[in-house]
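Structure file data24.cif (mmCIF, C-alpha atoms) follows.
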data_protein
#
loop_
_atom_site.label_atom_id
_atom_site.label_comp_id
_atom_site.auth_asym_id
_atom_site.auth_seq_id
_atom_site.Cartn_x
_atom_site.Cartn_y
_atom_site.Cartn_z
CA MET A 18 -1.57 15.17 20.44
CA CYS A 19 -4.26 13.96 18.07
CA CYS A 20 -3.86 10.97 15.80
CA GLU A 21 -6.46 9.84 13.26
CA LEU A 22 -6.15 6.36 11.85
CA LYS A 23 -7.63 5.34 8.49
CA ARG A 24 -7.33 1.92 6.98
CA SER A 25 -7.49 3.37 3.47
CA ALA A 26 -7.93 6.67 1.66
CA THR A 27 -7.55 8.17 -1.79
CA ILE A 28 -7.15 11.57 -3.41
CA SER A 29 -7.72 10.21 -6.90
CA ARG A 30 -10.00 12.12 -9.28
CA ASP A 31 -11.48 8.76 -10.24
CA SER A 32 -13.13 8.51 -6.83
CA LEU A 33 -14.43 12.01 -6.14
CA ALA A 34 -16.56 11.04 -3.13
CA ASP A 35 -13.58 9.39 -1.41
CA ARG A 36 -11.35 12.32 -2.34
CA LEU A 37 -13.80 14.78 -0.76
CA ASP A 38 -14.10 12.59 2.36
CA PHE A 39 -10.33 12.76 2.76
CA VAL A 40 -10.30 16.55 2.27
CA LYS A 41 -13.03 16.83 4.93
CA LEU A 42 -10.92 14.74 7.30
CA ILE A 43 -7.96 17.09 6.78
CA GLN A 44 -10.25 20.07 7.37
CA GLU A 45 -11.61 18.56 10.61
CA VAL A 46 -8.17 17.64 11.95
CA ASN A 47 -6.81 21.06 10.97
CA ALA A 48 -9.54 22.96 12.86
CA ASP A 49 -8.31 24.68 16.02
CA LEU A 50 -4.83 23.39 15.46
CA ASP A 51 -2.63 24.37 18.40
CA GLU A 52 -0.23 21.42 18.23
CA ASP A 53 0.93 18.87 15.67
CA LYS A 54 -1.75 16.39 14.63
CA PHE A 55 -1.25 13.17 12.73
CA ILE A 56 -3.15 11.10 10.19
CA VAL A 57 -1.98 7.55 9.56
CA ILE A 58 -3.35 5.85 6.45
CA GLY A 59 -3.03 2.09 6.59
CA ALA A 60 -3.69 1.66 10.30
CA ASP A 61 -6.71 0.00 11.88
CA GLN A 62 -7.36 0.94 15.50
CA GLU A 63 -9.84 -1.84 16.26
CA GLU A 64 -7.59 -4.57 14.91
CA ARG A 65 -4.44 -2.82 16.15
CA THR A 66 -2.54 -3.54 12.98
CA PHE A 67 -1.15 -1.94 9.84
CA TYR A 68 -2.34 -2.76 6.35
CA ASP A 69 -0.39 -2.18 3.17
CA VAL A 70 -1.46 0.99 1.32
CA PRO A 71 -1.16 0.10 -2.37
CA ASN A 72 -1.79 3.71 -3.44
CA ALA A 73 0.82 5.29 -1.13
CA ALA A 74 2.54 6.99 -4.09
CA GLU A 75 -0.71 8.89 -4.65
CA PHE A 76 0.09 10.80 -1.46
CA ASP A 77 3.16 12.46 -2.93
CA PRO A 78 3.63 15.71 -0.97
CA ALA A 79 3.28 17.92 -4.07
CA LYS A 80 0.16 16.10 -5.29
CA LEU A 81 -1.50 16.22 -1.89
CA ALA A 82 -0.67 19.92 -1.46
CA ALA A 83 -2.21 20.67 -4.87
CA VAL A 84 -5.41 18.78 -4.03
CA LEU A 85 -5.76 20.51 -0.66
CA ALA A 86 -5.06 23.93 -2.21
CA LYS A 87 -7.95 23.34 -4.59
CA TYR A 88 -10.44 22.80 -1.76
CA LEU A 89 -9.11 24.49 1.39
CA GLN A 90 -8.30 28.12 2.16
CA PRO A 91 -6.01 28.85 3.90
CA HIS A 92 -3.83 25.92 2.94
CA PRO A 93 -2.97 23.63 5.85
CA ARG A 94 0.69 23.21 6.71
CA ILE A 95 1.44 19.54 6.10
CA GLU A 96 4.33 17.13 5.93
CA VAL A 97 3.81 13.82 4.14
CA PHE A 98 5.76 10.61 4.62
CA ASN A 99 4.36 8.19 2.06
CA ASN A 100 6.93 5.42 2.31
CA MET A 101 6.68 4.42 5.96
CA ARG A 102 6.94 0.72 6.86
CA SER A 103 5.57 -1.07 9.90
CA ASP A 104 7.54 -3.81 11.65
CA SER A 105 5.60 -6.33 9.56
CA GLY A 106 6.65 -4.53 6.34
CA ALA A 107 3.25 -2.98 5.52
CA GLN A 108 3.66 0.35 3.73
CA HIS A 109 1.63 3.16 5.25
CA VAL A 110 1.35 6.93 4.98
CA LEU A 111 1.93 9.47 7.76
CA ILE A 112 0.60 13.01 7.37
CA VAL A 113 1.61 15.62 9.94
CA LEU A 114 -0.43 18.80 10.21
CA GLY A 115 1.36 21.58 12.02
CA PRO A 116 0.04 24.73 13.65
CA ASP A 117 0.67 28.03 11.90
#
Structure rendered as structure tokens:
Amino acid sequence: MCCELKRSATISRDSLADRLDFVKLIQEVNADLDEDKFIVIGADQEERTFYDVPNAAEFDPAKLAAVLAKYLQPHPRIEVFNNMRSDSGAQHVLIVLGPD
């Protein structure tokens, strides 16, 4: 199992560089996918804590699928949970990439 943790991310058109960095992350995690892999936005590994993701709604499954379809072929198989809450109440996003 592979889990990538990111304290923050965006797929907004207003921040194209950050959007492309996120697409590259998806592409890297999706490479040689033989089991489910996870990306958690709002988690910091070094500090071992969750941070609130104020733009969690941006990661609506349909929006994220449309962004990824624009940049990646074939389209990765993803599931998005953009309303997750840690024990402390911090909202975070969980993205599951599954093998084909």
(request) Tell me which of A:Ile43, A:Ile56, A:Ile112, A:Phe67 sits closest to His92 of chain A, counting only C-alpha atoms. (result) A:Ile43
(message) Would you pick out the contacts of Ser103 of chain A at 10 Å or less, using only C-alpha atoms, so that residues sharing its chain but fewer than 2 positions from it are not included, and give the list as a ChimeraX atom specification?
(response) /A:59-60,66-69,101,105-109
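Going from atom CA of Glu45 of chain A to atom CA of Asp104 of chain A covers 29.5 Å.
Neighbourhood of point (-4.3, 24.5, 14.6): residues with an atom at most 7 Å away, counting all atoms listed in the file, are Asn47, Ala48, Asp49, Leu50, Asp51, Glu52, Gly115, Pro116 and Asp117 of chain A.
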(request) Using atom CA of Tyr88 of chain A and atom CA of Ala34 of chain A as the two end points, give the distance in Å to one decimal. (result) 13.3 Å
(request) Run through the PyMOL selection byres ((chain A and resi 27) around 8) on the given coordinates and return the selected residues as an NGL selection string. (result) :A and (25-26 or 28-29 or 32 or 35-36 or 39 or 72 or 75)
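Here the PyMOL selection byres ((chain A and resi 95) around 8) catches exactly these residues: Ala82, Pro93, Arg94, Glu96, Val97, Ile112, Val113, Leu114 and Gly115 of chain A.
One finds atom CA of Asp53 of chain A at 7.5 Å from atom CA of Cys19 of chain A.
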(request) Please identify all polymer residues within 10 Å of Phe98 of chain A, counting all atoms listed in the file, omitting same-chain residues fewer than 6 positions from it, and present them as number ranges by chain. (result) A: 57, 73-74, 76-78, 109-113
(request) Could you check which of A:Phe55, A:Asp61, A:Arg102, A:Val40 is closest to Leu85 of chain A, using only C-alpha atoms? (result) A:Val40
(message) My list of candidates is A:Glu64, A:Val70, A:Ala79, A:Leu89. Which is closest to Leu42 of chain A when distances are computed with only C-alpha atoms?
(response) A:Leu89
Hey, could you pull the box centre and edge lengths for segment 38-48 of chain A, axis-aligned, 5 Å padding per side, all listed atoms, to one decimal in Å, as lines of an AutoDock Vina configuration file?
center_x = -10.5
center_y = 17.8
center_z = 7.6
size_x = 17.3
size_y = 20.4
size_z = 20.6
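The nearest approach to Lys87 of chain A among the residues A:Leu37, A:Leu22, A:Val46, A:Ile58, with only C-alpha atoms taken into account, belongs to A:Leu37.
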